[in-house]
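Next comes work_4.txt, a file with compact mmCIF, C-alpha atoms.
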# COMPACT_ATOMS: atom_id res chain seq x y z
CA MET A 11 -17.02 -2.86 -6.74
CA ILE A 12 -17.51 -6.63 -7.10
CA ILE A 13 -16.63 -8.15 -10.46
CA GLU A 14 -18.82 -11.09 -11.46
CA GLN A 15 -17.19 -14.49 -11.07
CA LEU A 16 -16.31 -16.65 -14.06
CA ASP A 17 -19.01 -19.00 -15.32
CA ALA A 18 -18.76 -22.75 -14.81
CA PRO A 19 -16.22 -24.58 -17.02
CA LEU A 20 -17.26 -25.85 -20.42
CA PRO A 21 -17.63 -29.63 -20.84
CA GLY A 22 -14.85 -31.81 -22.14
CA SER A 23 -11.39 -30.47 -22.91
CA LEU A 24 -12.33 -26.79 -23.01
CA LEU A 25 -12.12 -24.16 -20.27
CA ARG A 26 -14.06 -20.91 -20.39
CA THR A 27 -12.30 -17.59 -20.85
CA LEU A 28 -13.17 -14.31 -19.22
CA PRO A 29 -16.46 -12.78 -20.43
CA GLY A 30 -16.12 -10.19 -23.19
CA SER A 31 -17.03 -7.32 -20.83
CA TYR A 32 -13.68 -7.75 -19.07
CA TYR A 33 -12.04 -6.36 -22.23
CA THR A 34 -14.49 -3.54 -22.99
CA ASP A 35 -16.05 -2.24 -19.77
CA PRO A 36 -14.53 1.08 -18.55
CA GLY A 37 -15.59 0.11 -15.03
CA VAL A 38 -13.51 -3.07 -15.16
CA PHE A 39 -10.53 -1.12 -16.46
CA ALA A 40 -10.91 1.48 -13.68
CA ARG A 41 -10.94 -1.32 -11.12
CA GLU A 42 -7.82 -2.85 -12.73
CA GLN A 43 -6.04 0.50 -12.42
CA GLU A 44 -6.88 0.68 -8.72
CA ALA A 45 -6.53 -2.96 -7.68
CA ILE A 46 -3.77 -4.24 -9.98
CA PHE A 47 -1.60 -1.56 -11.61
CA GLU A 48 -1.48 0.62 -8.48
CA GLN A 49 -0.98 -2.30 -6.08
CA SER A 50 1.62 -4.38 -7.94
CA TRP A 51 5.29 -3.94 -8.75
CA PHE A 52 5.22 -2.21 -12.15
CA CYS A 53 8.28 -1.97 -14.42
CA VAL A 54 8.57 1.59 -15.77
CA VAL A 55 11.98 2.55 -17.24
CA HIS A 56 15.39 1.12 -18.06
CA GLY A 57 18.21 2.44 -15.90
CA SER A 58 19.83 4.04 -18.94
CA ASP A 59 16.76 6.28 -19.31
CA LEU A 60 18.07 8.04 -16.19
CA PRO A 61 21.75 8.43 -17.14
CA SER A 62 22.87 10.93 -14.48
CA PRO A 63 21.88 12.67 -11.22
CA GLY A 64 18.89 14.91 -11.84
CA ALA A 65 17.71 12.98 -14.89
CA TYR A 66 13.99 12.22 -14.75
CA LYS A 67 11.24 10.64 -16.79
CA LEU A 68 7.46 10.88 -16.42
CA VAL A 69 5.53 7.61 -16.48
CA GLN A 70 1.87 6.67 -16.10
CA VAL A 71 0.96 3.85 -13.71
CA GLY A 72 -2.75 3.26 -13.31
CA ARG A 73 -4.42 6.62 -12.71
CA GLU A 74 -1.25 8.33 -11.52
CA GLN A 75 1.54 10.22 -13.26
CA LEU A 76 4.92 9.68 -11.63
CA ILE A 77 8.34 11.32 -11.68
CA VAL A 78 11.10 8.69 -11.80
CA SER A 79 14.54 10.23 -11.28
CA ARG A 80 18.02 9.95 -9.79
CA ASN A 81 19.17 11.92 -6.77
CA ARG A 82 22.62 13.47 -6.39
CA ARG A 83 24.06 10.12 -5.28
CA GLY A 84 22.72 8.44 -8.41
CA GLU A 85 20.03 6.54 -6.49
CA VAL A 86 16.65 6.04 -8.13
CA ARG A 87 13.67 7.85 -6.62
CA ALA A 88 10.01 8.01 -7.64
CA PHE A 89 7.35 10.55 -6.66
CA PHE A 90 3.78 11.42 -7.50
CA ASN A 91 3.92 14.33 -9.96
CA VAL A 92 1.75 16.46 -7.69
CA CYS A 93 2.85 19.60 -5.85
CA ARG A 94 2.02 19.37 -2.15
CA HIS A 95 0.71 22.95 -2.14
CA ARG A 96 -2.13 23.21 -4.65
CA GLY A 97 -1.63 20.09 -6.75
CA MET A 98 -0.11 21.43 -9.96
CA ARG A 99 2.10 19.09 -11.98
CA VAL A 100 5.66 19.69 -10.86
CA CYS A 101 7.16 18.41 -14.11
CA THR A 102 5.40 19.13 -17.39
CA GLU A 103 7.93 17.80 -19.91
CA ASP A 104 8.15 14.04 -20.45
CA SER A 105 11.84 13.86 -19.54
CA GLY A 106 14.82 16.05 -18.79
CA THR A 107 17.43 16.91 -16.18
CA ARG A 108 16.80 19.06 -13.11
CA ARG A 109 18.90 20.30 -10.21
CA THR A 110 15.65 20.67 -8.25
CA PHE A 111 11.96 20.12 -8.93
CA GLN A 112 9.99 23.37 -8.87
CA CYS A 113 6.26 23.82 -9.28
CA GLY A 114 5.49 26.44 -11.92
CA TYR A 115 2.46 27.79 -10.03
CA HIS A 116 3.76 29.08 -6.68
CA ALA A 117 7.43 28.03 -6.91
CA TRP A 118 7.39 25.38 -4.22
CA THR A 119 10.77 23.74 -4.75
CA TYR A 120 11.92 20.21 -3.88
CA ASP A 121 15.36 18.62 -3.90
CA LEU A 122 16.15 15.42 -5.79
CA ASP A 123 15.13 13.37 -2.75
CA GLY A 124 11.74 15.09 -2.79
CA ARG A 125 12.26 17.24 0.31
CA LEU A 126 10.68 20.70 0.32
CA ILE A 127 13.59 23.16 0.30
CA ALA A 128 12.07 26.48 -0.73
CA ALA A 129 8.77 28.30 -1.18
CA PRO A 130 7.71 31.98 -1.05
CA ASN A 131 7.52 33.10 2.59
CA LEU A 132 8.47 29.63 3.82
CA THR A 133 10.46 31.13 6.71
CA GLN A 134 7.21 32.63 7.98
CA MET A 135 5.72 29.14 8.27
CA PRO A 136 8.03 27.45 10.78
CA ASP A 137 5.45 24.79 11.62
CA ILE A 138 5.76 23.20 8.16
CA ASP A 139 7.82 20.00 8.28
CA ARG A 140 9.85 20.02 5.08
CA ASP A 141 9.97 16.25 4.92
CA ASP A 142 6.24 15.80 5.57
CA TYR A 143 5.47 18.36 2.86
CA GLY A 144 7.95 16.95 0.37
CA LEU A 145 6.91 15.16 -2.80
CA ARG A 146 5.10 11.95 -1.91
CA LYS A 147 7.49 9.04 -2.40
CA ILE A 148 6.78 5.70 -4.04
CA HIS A 149 8.38 2.30 -3.42
CA VAL A 150 11.26 1.66 -5.83
CA ARG A 151 13.39 -1.36 -6.74
CA GLU A 152 16.01 -1.91 -9.44
CA TRP A 153 16.24 -5.35 -11.02
CA LEU A 154 17.54 -6.60 -14.39
CA GLY A 155 18.69 -3.05 -15.10
CA TYR A 156 15.10 -1.75 -14.91
CA VAL A 157 13.28 0.44 -12.40
CA TRP A 158 10.21 -1.10 -10.77
CA VAL A 159 7.76 0.97 -8.72
CA CYS A 160 4.81 0.19 -6.48
CA LEU A 161 2.19 2.77 -5.54
CA ALA A 162 0.65 0.74 -2.71
CA GLU A 163 0.98 2.04 0.84
CA GLU A 164 2.59 -1.31 1.71
CA ALA A 165 4.29 -2.91 -1.28
CA PRO A 166 3.91 -6.66 -1.75
CA SER A 167 7.04 -8.73 -1.40
CA PHE A 168 9.21 -8.25 -4.50
CA GLU A 169 10.72 -11.67 -3.88
CA GLU A 170 7.36 -13.44 -3.70
CA THR A 171 5.71 -11.64 -6.62
CA VAL A 172 8.27 -10.55 -9.25
CA LEU A 173 11.03 -13.04 -8.46
CA GLY A 174 8.36 -15.64 -7.75
CA GLU A 175 7.30 -15.44 -11.42
CA VAL A 176 10.88 -16.28 -12.42
CA VAL A 177 10.97 -19.25 -10.06
CA ASP A 178 7.63 -20.51 -11.37
CA ARG A 179 9.02 -20.44 -14.92
CA LEU A 180 12.71 -21.34 -14.56
CA GLY A 181 12.66 -23.21 -11.26
CA ASN A 182 15.03 -20.76 -9.54
CA VAL A 183 16.30 -17.19 -9.74
CA GLU A 184 19.89 -18.26 -10.38
CA SER A 185 19.00 -19.38 -13.92
CA ILE A 186 18.18 -15.82 -14.98
CA ASP A 187 21.31 -14.53 -13.23
CA HIS A 188 23.39 -16.39 -15.83
CA TYR A 189 22.21 -13.91 -18.45
CA GLN A 190 23.58 -10.90 -16.47
CA VAL A 191 20.69 -8.81 -17.77
CA ASP A 192 21.54 -5.84 -15.57
CA GLN A 193 24.91 -5.50 -17.33
CA LEU A 194 23.47 -5.42 -20.86
CA GLU A 195 22.69 -2.29 -22.86
CA VAL A 196 19.69 -1.28 -24.92
CA GLY A 197 20.66 -1.86 -28.54
CA ARG A 198 17.23 -1.09 -29.98
CA ARG A 199 13.88 0.13 -28.65
CA ILE A 200 10.56 0.08 -30.48
CA GLY A 201 7.25 1.41 -29.16
CA TYR A 202 3.92 0.00 -30.32
CA GLU A 203 0.48 1.59 -29.98
CA VAL A 204 -1.81 -1.42 -29.79
CA ARG A 205 -5.57 -0.98 -30.17
CA ALA A 206 -6.39 -3.85 -27.82
CA ASN A 207 -6.95 -4.54 -24.14
CA TRP A 208 -3.81 -5.38 -22.18
CA LYS A 209 -5.16 -8.79 -21.17
CA LEU A 210 -5.47 -9.89 -24.80
CA ILE A 211 -1.77 -9.13 -25.20
CA ILE A 212 -0.82 -11.14 -22.12
CA GLU A 213 -2.99 -14.08 -23.15
CA ASN A 214 -1.44 -14.03 -26.62
CA PHE A 215 2.08 -14.06 -25.20
CA MET A 216 1.28 -16.95 -22.86
CA GLU A 217 0.22 -19.40 -25.59
CA CYS A 218 1.62 -20.73 -28.85
CA TYR A 219 -1.53 -22.34 -30.20
CA HIS A 220 -1.50 -19.51 -32.75
CA CYS A 221 2.19 -19.78 -33.68
CA ALA A 222 1.84 -22.04 -36.72
CA THR A 223 -0.85 -19.72 -38.09
CA ILE A 224 0.75 -16.28 -37.80
CA HIS A 225 4.47 -16.71 -36.95
CA PRO A 226 6.25 -18.33 -39.94
CA GLU A 227 9.64 -16.82 -39.07
CA LEU A 228 9.46 -17.84 -35.40
CA THR A 229 8.40 -21.40 -36.11
CA GLU A 230 11.23 -21.73 -38.63
CA VAL A 231 13.71 -20.87 -35.86
CA ILE A 232 11.86 -22.88 -33.17
CA PRO A 233 10.03 -25.70 -34.99
CA GLU A 234 8.37 -27.09 -31.86
CA PHE A 235 6.28 -23.92 -31.61
CA ALA A 236 4.41 -25.08 -34.71
CA GLU A 237 2.95 -27.85 -32.53
CA GLY A 238 1.06 -25.24 -30.52
CA TRP A 239 2.62 -25.66 -27.09
CA ALA A 240 4.05 -22.57 -25.39
CA ALA A 241 7.54 -22.32 -23.94
CA GLN A 242 6.03 -21.19 -20.65
CA THR A 243 4.24 -24.42 -19.76
CA ASN A 244 7.16 -26.56 -18.54
CA VAL A 245 9.17 -25.31 -15.56
CA GLY A 246 12.86 -24.96 -16.38
CA LEU A 247 12.51 -26.14 -19.96
CA GLY A 248 13.05 -23.78 -22.87
CA ALA A 249 12.12 -24.19 -26.52
CA GLU A 250 14.98 -25.59 -28.61
CA PHE A 251 16.25 -24.04 -31.83
CA GLY A 252 15.92 -26.07 -35.03
CA GLU A 253 18.84 -28.32 -36.01
CA GLU A 254 19.98 -26.10 -38.89
CA ILE A 255 19.38 -22.84 -37.01
CA GLU A 256 22.49 -20.92 -35.97
CA GLY A 257 20.96 -18.02 -34.06
CA PHE A 258 17.76 -16.30 -32.90
CA THR A 259 17.56 -14.14 -36.02
CA VAL A 260 14.93 -13.53 -38.68
CA ASP A 261 16.61 -15.97 -41.09
CA GLY A 262 18.19 -18.31 -38.54
CA SER A 263 21.70 -17.05 -39.29
CA THR A 264 24.37 -16.51 -36.63
CA GLY A 265 23.56 -13.75 -34.16
CA VAL A 266 25.98 -11.62 -32.18
CA ALA A 267 28.37 -12.41 -29.32
CA GLU A 268 26.93 -14.98 -26.94
CA LEU A 269 26.37 -14.02 -23.31
CA PRO A 270 29.39 -15.42 -21.49
CA LEU A 271 27.85 -17.02 -18.39
CA ILE A 272 24.82 -18.84 -19.74
CA ALA A 273 24.63 -22.53 -18.89
CA PRO A 274 25.03 -25.26 -21.54
CA ASP A 275 21.29 -26.03 -21.42
CA GLN A 276 20.56 -22.37 -22.19
CA ALA A 277 22.85 -22.10 -25.23
CA ARG A 278 20.33 -23.13 -27.91
CA ARG A 279 17.04 -22.45 -26.22
CA TYR A 280 14.45 -19.71 -25.86
CA PHE A 281 12.82 -19.02 -22.49
CA ALA A 282 9.81 -16.75 -21.96
CA ILE A 283 8.63 -15.31 -18.64
CA THR A 284 5.48 -13.31 -17.91
CA VAL A 285 5.81 -11.02 -14.90
CA ARG A 286 2.32 -9.80 -14.09
CA PRO A 287 0.95 -7.28 -14.70
CA ASN A 288 3.14 -5.62 -17.35
CA VAL A 289 6.39 -7.38 -18.31
CA PHE A 290 7.48 -10.09 -20.74
CA ILE A 291 11.09 -11.32 -20.55
CA ASN A 292 12.49 -13.29 -23.48
CA LEU A 293 15.84 -15.02 -22.98
CA VAL A 294 18.02 -16.22 -25.86
CA PRO A 295 21.76 -16.99 -25.94
CA ASP A 296 23.03 -13.67 -27.26
CA HIS A 297 20.40 -11.08 -26.29
CA ILE A 298 17.38 -10.39 -24.12
CA ILE A 299 14.05 -8.91 -25.21
CA VAL A 300 11.98 -7.08 -22.59
CA HIS A 301 8.43 -5.87 -23.18
CA ARG A 302 6.84 -3.31 -20.84
CA MET A 303 3.10 -2.76 -21.22
CA PHE A 304 1.35 0.46 -20.24
CA PRO A 305 -2.45 -0.01 -20.43
CA THR A 306 -3.98 3.30 -21.53
CA SER A 307 -7.68 2.40 -21.71
CA GLU A 308 -9.95 -0.63 -21.82
CA HIS A 309 -9.21 -0.89 -25.56
CA SER A 310 -5.64 0.41 -25.95
CA THR A 311 -2.15 -0.41 -24.70
CA TYR A 312 1.28 1.10 -25.29
CA VAL A 313 4.04 -1.52 -25.45
CA GLU A 314 7.70 -0.56 -25.26
CA CYS A 315 10.10 -3.30 -26.33
CA ASP A 316 13.86 -3.27 -25.67
CA TRP A 317 16.50 -5.49 -27.24
CA LEU A 318 19.45 -5.84 -24.83
CA PHE A 319 22.96 -6.87 -25.92
CA LEU A 320 26.45 -7.03 -24.43
CA PRO A 321 27.96 -3.53 -24.07
CA GLU A 322 30.71 -4.29 -26.59
CA VAL A 323 28.09 -5.26 -29.18
CA VAL A 324 26.23 -1.97 -28.77
CA GLU A 325 29.31 0.24 -28.46
CA SER A 326 31.02 -1.29 -31.52
CA GLY A 327 28.00 -0.59 -33.73
CA THR A 328 27.59 -4.27 -34.58
CA ASP A 329 24.65 -4.86 -36.92
CA VAL A 330 21.85 -6.30 -34.77
CA SER A 331 19.08 -5.81 -37.33
CA LYS A 332 18.48 -9.52 -37.98
CA SER A 333 18.11 -10.18 -34.26
CA VAL A 334 15.73 -7.26 -33.85
CA GLU A 335 13.71 -8.02 -36.96
CA LEU A 336 12.69 -11.50 -35.79
CA PHE A 337 10.85 -10.38 -32.68
CA ASP A 338 9.69 -7.12 -34.23
CA ARG A 339 7.85 -9.25 -36.78
CA VAL A 340 6.51 -11.48 -33.99
CA ASN A 341 5.31 -8.40 -32.12
CA ARG A 342 3.54 -6.93 -35.14
CA GLN A 343 1.93 -10.26 -35.98
CA ASP A 344 0.74 -10.71 -32.39
CA PHE A 345 -0.52 -7.16 -32.01
CA GLU A 346 -2.45 -7.32 -35.27
CA ALA A 347 -4.14 -10.51 -34.02
CA CYS A 348 -5.04 -8.80 -30.74
CA GLU A 349 -6.40 -5.76 -32.58
CA GLN A 350 -8.56 -7.99 -34.75
CA THR A 351 -9.84 -9.76 -31.64
CA GLN A 352 -10.67 -6.65 -29.62
CA PRO A 353 -13.84 -5.61 -31.56
CA ALA A 354 -15.44 -9.03 -30.99
CA MET A 355 -15.15 -8.64 -27.23
CA SER A 356 -18.28 -6.44 -27.34
CA SER A 357 -20.24 -8.91 -29.49
CA ARG A 358 -23.22 -10.75 -28.04
CA MET A 359 -21.44 -13.90 -29.26
CA TYR A 360 -18.68 -13.32 -26.70
CA ARG A 361 -20.88 -12.17 -23.82
CA ASP A 362 -20.11 -15.35 -21.84
CA GLY A 363 -16.56 -15.60 -23.16
CA GLY A 364 -14.81 -18.07 -25.40
CA ALA A 365 -12.85 -21.28 -24.85
CA LEU A 366 -9.35 -22.40 -23.95
CA VAL A 367 -8.06 -25.60 -25.56
CA PRO A 368 -5.67 -27.86 -23.58
CA ALA A 369 -2.59 -26.04 -24.96
CA GLU A 370 -4.00 -22.86 -23.42
CA HIS A 371 -5.26 -24.15 -20.08
CA HIS A 372 -2.50 -22.37 -18.18
CA ILE A 373 -4.12 -19.05 -19.19
CA ALA A 374 -6.93 -19.95 -16.79
CA PHE A 375 -4.49 -19.35 -13.91
CA PHE A 376 -3.97 -15.80 -15.18
CA HIS A 377 -7.74 -15.31 -15.27
CA GLU A 378 -8.08 -16.64 -11.71
CA TRP A 379 -5.34 -14.28 -10.52
CA LEU A 380 -7.02 -11.34 -12.24
CA VAL A 381 -10.51 -12.01 -10.84
CA GLY A 382 -9.05 -12.57 -7.37
CA ALA A 383 -7.22 -9.24 -7.50
CA LEU A 384 -10.31 -7.37 -8.71
CA ASN A 385 -12.46 -8.82 -5.96
CA ALA A 386 -9.88 -8.33 -3.19

Once you've parsed the file, please lay out its structure as structure tokens.
Amino acid sequence: MIIEQLDAPLPGSLLRTLPGSYYTDPGVFAREQEAIFEQSWFCVVHGSDLPSPGAYKLVQVGREQLIVSRNRRGEVRAFFNVCRHRGMRVCTEDSGTRRTFQCGYHAWTYDLDGRLIAAPNLTQMPDIDRDDYGLRKIHVREWLGYVWVCLAEEAPSFEETVLGEVVDRLGNVESIDHYQVDQLEVGRRIGYEVRANWKLIIENFMECYHCATIHPELTEVIPEFAEGWAAQTNVGLGAEFGEEIEGFTVDGSTGVAELPLIAPDQARRYFAITVRPNVFINLVPDHIIVHRMFPTSEHSTYVECDWLFLPEVVESGTDVSKSVELFDRVNRQDFEACEQTQPAMSSRMYRDGGALVPAEHHIAFFHEWLVGALNA
């Protein structure tokens, strides 16, 4: 399937967006599932969602349902949730703990590394290789305390793609290491059902042209956002807190314990990173906010957002509500804007797309990446 190329740029200071059909056409979404979600590194769960050997969680990536679990050594594994015999779902509950994975149809049984270990009359089939007929494995990496999977036969370089996004934003990987994200704990998690195409959500996150209009709390904490320029446009430079602001909280008051290893130039700044296709990373001095997007159709997306704090903050029961409330409001404001934009994507007035002003020109690189992936 060949996706039509973008039209020629608009005159003057404007660049053309994607045509409206990219946000409404089931065929485009099907191609995105195949060419993007199932070919890229996709962040699926936090490590704490798999607390012990045998713990598992079902996740949807593109067209496929996966089992993400830990083996007996505590190592993360991921498999297609498809029995190798007749294709029944091996796991039918969203999460749980298993000593083995057993299909409920004909009792084919797999160990926590996916190897076939038992089946009725298996001894009478000595030609069956128990590794070859194990659950089909998927590429897995752990980074920032999260599990990332890739369904492609040959996974792209994690360093060039995922870590490359960090380098493009911060200038190097070491800058994010200062936050020790993999040692933080989930202090709060909120899930959002958004009635909008996943690309509208990404485009919204990448720009701040809308911030003065719909984010009064955020622009109070970070006044420069009211000028319309996003924090993602200058490599290595974060957005500075206002002079009277003490912390990244809904009222600008002091937050919780600061992360101990952040650099002086990170102490009063906010950094945002987009890791295509499904992650937003927000870095502030005392906590980290991670969004994971799960596109569910051409007009709907499930977003799971985690607020990560130092273990002692979470374990002591410290009140983190003001920290959480700030970005929860930002999320709800953004998602409402996306939901109000989605219906117009099918209008004849948006058939050829809209326009990007100079403060949004960097979104054109996202569009180029997307069209290139769809046409690959």

Handout entry: Non-local contacts of range 170-175 of chain A (6 Å; only C-alpha atoms; under 3 positions in same chain excluded) as a list in words
Key =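 In the requested format, the answer is Ser167, Asp178 and Val285 of chain A.
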
Quick one: write out the picked residues with C-alpha atoms as a PDB file, in the coordinates of the input?
ATOM      1  CA  SER A 167       7.040  -8.730  -1.400  1.00  0.00           C
ATOM      2  CA  ASP A 178       7.630 -20.510 -11.370  1.00  0.00           C
ATOM      3  CA  VAL A 285       5.810 -11.020 -14.900  1.00  0.00           C
TER       4      VAL A 285
END

Practice task
Provide the CA of Cys315 in chain A to CA of Pro287 in chain A distance in Å, to one decimal place.
Solution key: 15.3 Å

Problem - Residues near range 122-134 of chain A, cut-off 10 Å, only C-alpha atoms, skip fewer than 3 positions along chain, as number ranges by chain - result: A: 63-66, 79-90, 94-95, 108-113, 116-119, 137-147

Could you save the residues just selected, with C-alpha atoms, as a compact mmCIF listing (two decimals), in the frame of the given file?
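Result file follows (again-v9.txt):
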# COMPACT_ATOMS: atom_id res chain seq x y z
CA PRO A 63 21.88 12.67 -11.22
CA GLY A 64 18.89 14.91 -11.84
CA ALA A 65 17.71 12.98 -14.89
CA TYR A 66 13.99 12.22 -14.75
CA SER A 79 14.54 10.23 -11.28
CA ARG A 80 18.02 9.95 -9.79
CA ASN A 81 19.17 11.92 -6.77
CA ARG A 82 22.62 13.47 -6.39
CA ARG A 83 24.06 10.12 -5.28
CA GLY A 84 22.72 8.44 -8.41
CA GLU A 85 20.03 6.54 -6.49
CA VAL A 86 16.65 6.04 -8.13
CA ARG A 87 13.67 7.85 -6.62
CA ALA A 88 10.01 8.01 -7.64
CA PHE A 89 7.35 10.55 -6.66
CA PHE A 90 3.78 11.42 -7.50
CA ARG A 94 2.02 19.37 -2.15
CA HIS A 95 0.71 22.95 -2.14
CA ARG A 108 16.80 19.06 -13.11
CA ARG A 109 18.90 20.30 -10.21
CA THR A 110 15.65 20.67 -8.25
CA PHE A 111 11.96 20.12 -8.93
CA GLN A 112 9.99 23.37 -8.87
CA CYS A 113 6.26 23.82 -9.28
CA HIS A 116 3.76 29.08 -6.68
CA ALA A 117 7.43 28.03 -6.91
CA TRP A 118 7.39 25.38 -4.22
CA THR A 119 10.77 23.74 -4.75
CA ASP A 137 5.45 24.79 11.62
CA ILE A 138 5.76 23.20 8.16
CA ASP A 139 7.82 20.00 8.28
CA ARG A 140 9.85 20.02 5.08
CA ASP A 141 9.97 16.25 4.92
CA ASP A 142 6.24 15.80 5.57
CA TYR A 143 5.47 18.36 2.86
CA GLY A 144 7.95 16.95 0.37
CA LEU A 145 6.91 15.16 -2.80
CA ARG A 146 5.10 11.95 -1.91
CA LYS A 147 7.49 9.04 -2.40

Practice task
Figure out the distance between CA of His297 in chain A and CA of His188 in chain A, please, to one decimal in Å.
Solution key: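 A separation of 12.1 Å between them.
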
Problem - Residues within 9 Å of (3.4, 2.8, -20.6), counting only C-alpha atoms, listed as an MDAnalysis selection string - result: chainID A and resid 54 69:71 302:306 311:314

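Distance check against Pro295 in chain A using all atoms listed in the file: of A:Gln190, A:Ser31, A:Gln350, A:Thr229, the minimum falls on A:Gln190.
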
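Taking CA of Val294 in chain A and CA of Glu203 in chain A as endpoints, the distance between them is 25.3 Å.
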
Give me the range 55-153 of chain A side of the contact with range 34-49 of chain A, cut-off 9 Å, one line per residue showing its nearest atom pair and distance in Å at one decimal, counting only C-alpha atoms, sorted by chain and residue number, as a tab-separated table.
residue	atom	partner	partner_atom	distance
A:Val71	CA	A:Phe47	CA	6.3
A:Gly72	CA	A:Gln43	CA	4.4
A:Arg73	CA	A:Gln43	CA	6.3
A:Glu74	CA	A:Glu48	CA	8.3

Practice task
Extract, using all atoms listed in the file, all DNA, RNA and protein residues at most 12 Å from Gln343 in chain A, discarding same-chain residues fewer than 4 positions from it, and format them as a list in words.
Solution key: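 Within the cut-off, the hits are Tyr202, Val204, Ile211, Asn214, Phe215, His220, Cys221, Ala222, Thr223, Ile224, His225, Pro226, Glu227, Leu228, Leu336, Phe337, Asp338, Arg339, Ala347, Cys348, Glu349 and Gln350 of chain A.
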
Practice task
Considering only C-alpha atoms, return as number ranges by chain whatever protein or nucleic-acid residues lie within 10 Å of Asn244 in chain A, sequence-local ones (same chain, fewer than 5 positions apart) excluded.
Solution key: A: 178-181, 239, 249

Fill in the blank from the handout: From the list A:Asp121, A:Glu256, A:Glu237, A:Asp59, the nearest residue to Ser105 in chain A using all atoms listed in the file is A:Asp59

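Here the question is which of A:Glu253, A:Leu210, A:Val266, A:Asp329 gets nearest to Glu346 in chain A using only C-alpha atoms, and that residue is A:Leu210.
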
Exercise for the section: May I ask which of the residues A:Gly201, A:Phe52, A:Val191, A:Ile186 is the closest one to Ile148 in chain A, counting all atoms listed in the file? Expected result: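 Checking each of A:Gly201, A:Phe52, A:Val191, A:Ile186 against Ile148 in chain A, counting all atoms listed in the file, the winner is A:Phe52.
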
Starting from 6 Å padding per side, set up an axis-aligned box that covers all listed atoms of range 140-145 of chain A and hand over centre and edge lengths in Å, one decimal, as AutoDock Vina command-line options.
--center_x 7.7 --center_y 17.6 --center_z 1.4 --size_x 16.5 --size_y 16.9 --size_z 20.4
